[in-house]
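Just below is one structure, and these are the notes that go with it.
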Amino acid sequence: MAKSSTSFTCSACGASHKKWAGRCDACGAWNTIAEEAALTAGPAGKTLGATRGRAVPLSDLSTQDAPLPRKLSGIGEFDLVLGGGLVPASAILVGGDPGIGKSTLLLQAAARFAQTGTKAIYVSGEEAAAQVRMRAGRLGLTEAPLQLANETNLRNILTTLDQERPEVAIIDSIQTMWADHVESAPGSVAQVRAASHELTQFAKRRGVSVILVGHVTKEGQIAGPRVVEHMVDTVLYFEGERGHQFRILRAVKNRFGPADEIGVFEMTGSGLQEVKNPSALFLGERENPSSGSVVFAGIEGTRPVLVEIQALVAPSPLATPRRTVVGWDSGRLAMILAVLEARCGIGFAGRDVYLNVAGGLRISEPAADLAVAAALMSARQDQPLPADAVFFGELSLSGALRPTAQHDSRLREAAKLGFTVAFAPAKAKTQGDHGLKLHKMSDLNDFIVQSFDAIEG
Ligand code: TYD
Ligand code: MG
């Protein structure tokens with residue numbers, strides 16, 4: 001039986017459907033399903049088993065491979081997030097909101113590669129070569145032996161790359177690429193998928209590192225199906241808050257290094273500058289100690305980072321008081337409020353609660369629980385906590401404090417930045433107090449009794 005040659009794909013999640021519908025069953029998005037030509041594997045009616053392939057060579061686990069040679073851009077934060085430089089024959093996706101600085105970052109990286117003898121080509125489908133040159137002028141990079149192209153036709157790009165044999169190729173952006181063998185508009189799911197597939201295959205075949213730039217939708221997904229993220233080896237997100245100068249390059253997937261690693265940059269008039277000591281940056285904006293402000297000793301990727309957590313608790317005129325969180329998980333805040341209420345007898349009913357991670361950083365570590373609880377209590381009681389103290393520890397639902405990973409690096413970073421006191425879980429295995437006065441807490445109640453005066457309901 002001949003199969004139909006079209007199918008319907010959701011542009012938000014990539015699910016395929018037999019027929020068109022207004023709403024995707026898989027992800028629930030509206031108006032995202034579009035028709036696209038299906039891939040045909042062979043003559044209709046034949047299964048793959050009917051034609052024999054060739055047997056591939058097998059190897060065993062004990063085979064010794066040479067360590068992956070890596071190319072360093074010389075931009076320390078960029079190399080760090082990649083897991084120690086760029087791996088040849090790999091595909092990297094750099095996603096981020098429009099205007100966040102992706103093109104600036106990659107132009108700087110490409111120019112640095114070119115300056116250190118790595119042949120690099122920068123293909124822009126969005127900006128004319130003159131515009132890219134203008135930006136390079138602003139960044140002081142006009143002397144770099146970087147090759148530019150302004151092209152969107154994938155076939156032409158692949159032919160050029162094949163001829164020029166660069167070691168690094170940057171494609172800005174994947175949404176502007178157009179593969180002429182696919183019948184749909186540039187930017188559509190089918191085009192983004194086909195272009196990513198071709199470029200990833202090219203990277204593997206020719207041993208080139210291909211960096212794809214991708215725009216992110218407002219839901220925080222790379223526009224186009226998630227399959228692009230599965231195709232590439234490494235996915236980096238470039239993020240930042242509006243109104244803040246600093247930008248964070250975050251590895252969310254990395255086949256060649258730790259995921260969750262971050263690199264911190266500052267956007268200046270002459271491009272992105274590395275921030276070697278993120279803690280100093282995030283704490284640099286710290287005001288005088290006030291109630292509700294607490295410093296959390298966190299870990300981002302492999303690095304310790306100190307950040308300020310701020311809470312505000314105010315009487316609420318609303319029947320359902322407000323719970324507003326910026327930079328942390330709102331479900332986790334609800335959990336901590338419940339633990340404070342059920343285990344320590346401290347209620348927040350009738351009070352609005354606002355929680356903010358200063359500087360626009362987003363924290364996902366449960367180790368911030370103690371710092372959040374401390375900020376909430378300090379705000380509720382209007383009692384400032386010592387300004388030279390850091391806090392960390394994960395809370396369990398019983399109110400007990402659980403030890404967190406990398407206890408010692410957190411303490412070391414705090415000591416390095418001039419903090420003298422640390423509130424930390426009691427049970428942690430530690431190599432010492434690193435010169436800090438260590439308050440070992442086994443329970444949230446311990447901490448509250450030690451730190452706050454009489455608490456009224
Ligand atoms: P861009 O790299 O074009 O963003 P993307 O490629 O992610 O869309 O960055 C554009 C923004 O960066 C723009 O608002 C101007 C700002 N910018 C600077 O502040 N300093 C600079 O040196 C450059 C080149 C850009
Ligand atoms: Mg751009």
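Naming works like this for the structure tokens: A, B, ... for the chains as they're shown, residue 1 at the start of each chain, ligands 1 onward in shown order.
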Per residue of chain A within 7 Å of ligand 1, what are the shortest atom pair and its distance in Å to one decimal, counting only C-alpha atoms and all ligand atoms, with rows by chain and residue number, as a Markdown table?
```
| residue | atom | partner | partner_atom_place_in_ligand_line | distance |
| --- | --- | --- | --- | --- |
| A:Gly96 | CA | ligand 1 | 7 (O) | 6.2 |
| A:Asp97 | CA | ligand 1 | 7 (O) | 6.1 |
| A:Pro98 | CA | ligand 1 | 8 (O) | 3.9 |
| A:Gly99 | CA | ligand 1 | 8 (O) | 3.4 |
| A:Ile100 | CA | ligand 1 | 7 (O) | 4.1 |
| A:Gly101 | CA | ligand 1 | 2 (O) | 3.2 |
| A:Lys102 | CA | ligand 1 | 7 (O) | 3.6 |
| A:Ser103 | CA | ligand 1 | 6 (O) | 3.6 |
| A:Thr104 | CA | ligand 1 | 2 (O) | 3.7 |
| A:Leu105 | CA | ligand 1 | 2 (O) | 6.4 |
| A:Arg135 | CA | ligand 1 | 24 (C) | 5.3 |
| A:Arg138 | CA | ligand 1 | 22 (O) | 6.0 |
| A:Leu139 | CA | ligand 1 | 22 (O) | 5.7 |
| A:Met267 | CA | ligand 1 | 19 (O) | 5.4 |
| A:Thr268 | CA | ligand 1 | 20 (N) | 5.1 |
| A:Gly269 | CA | ligand 1 | 20 (N) | 4.2 |
| A:Ser270 | CA | ligand 1 | 22 (O) | 3.8 |
| A:Gly271 | CA | ligand 1 | 22 (O) | 3.3 |
| A:Leu272 | CA | ligand 1 | 22 (O) | 6.7 |
```
Pick out the residues no farther than 12 Å from ligand 2, counting only C-alpha atoms and all ligand atoms, and list them as a VMD selection string. chain A and resid 94 to 107 122 to 128 131 to 132 135 170 to 176 212 to 216 238
Give me the residues near Ile363 of chain A as a VMD selection string, where near means some atom within 8 Å (using only C-alpha atoms) and where sequence neighbours in that chain fewer than 4 positions away do not count. chain A and resid 327 to 328 357 368
Run DSSP on the backbone and grab whatever in segment 236-314 of chain A lands in strand (DSSP E or B); send it over as a ChimeraX atom specification. /A:236-239,246-254,262-268,271-274,293-300,303-314
Would you please give, as a ChimeraX atom specification, all residues of segment 61-267 of chain A that DSSP assigns to alpha helix (DSSP H) based on the backbone? /A:76-81,102-115,129-138,154-164,189-206,227-231
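The space between atom CA of Gly83 of chain A and atom CA of Val275 of chain A spans 17.3 Å.
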Of the candidates A:Glu274, A:Asp443, A:Glu413, A:Asp329, which one gets nearest to Lys427 of chain A if we count only C-alpha atoms? A:Asp443
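Of the residues listed (A:His230, A:Arg205, A:His197, A:Arg323), A:Arg323 shows the shortest atom-to-atom separation from Arg351 of chain A; distances use only C-alpha atoms.
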Could you tell me which of A:Ile346, A:Leu154, A:Ala422, A:Leu82 comes closest to Leu376 of chain A if we count only C-alpha atoms? A:Ile346
With distances taken over only C-alpha atoms, which residue among A:Ser442, A:Thr420, A:Thr234, A:Thr63 lies nearest Val390 of chain A? A:Thr420
Please identify all polymer residues within 6 Å of Glu266 of chain A, counting only C-alpha atoms, omitting same-chain residues fewer than 5 positions from it, and present them as a VMD selection string. chain A and resid 245 to 247 272 to 273
Report the distance between atom CA of Val192 of chain A and atom CA of Glu36 of chain A in Å, rounded to one decimal place. 12.4 Å
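Once Asp233 of chain A and its same-chain neighbours fewer than 3 positions away are set aside, Ser90, Ala91, Ile92, Leu93, Thr200, Glu229, His230, Lys253, Asn254, Arg255 and Phe256 of chain A remain within 9 Å of it when counting only C-alpha atoms.
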Restricting the calculation to only C-alpha atoms: of A:Ile262, A:Ala169, A:Ile157, A:Ala195, which residue gets closest to Val228 of chain A? A:Ala195
With distances taken over only C-alpha atoms, which of A:Pro166, A:Ser291, A:Gln115, A:Val189 is nearest to Glu35 of chain A? A:Val189
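Atom to atom, atom CA of Gln201 of chain A and atom CA of Gly117 of chain A stand 24.7 Å apart.
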Excluding Ala120 of chain A and its own-chain neighbours fewer than 2 positions away, which residues fall within 7 Å of it when counting only C-alpha atoms? Please give them as a ChimeraX atom specification. /A:110,113-114,118,122,146-147,166-169
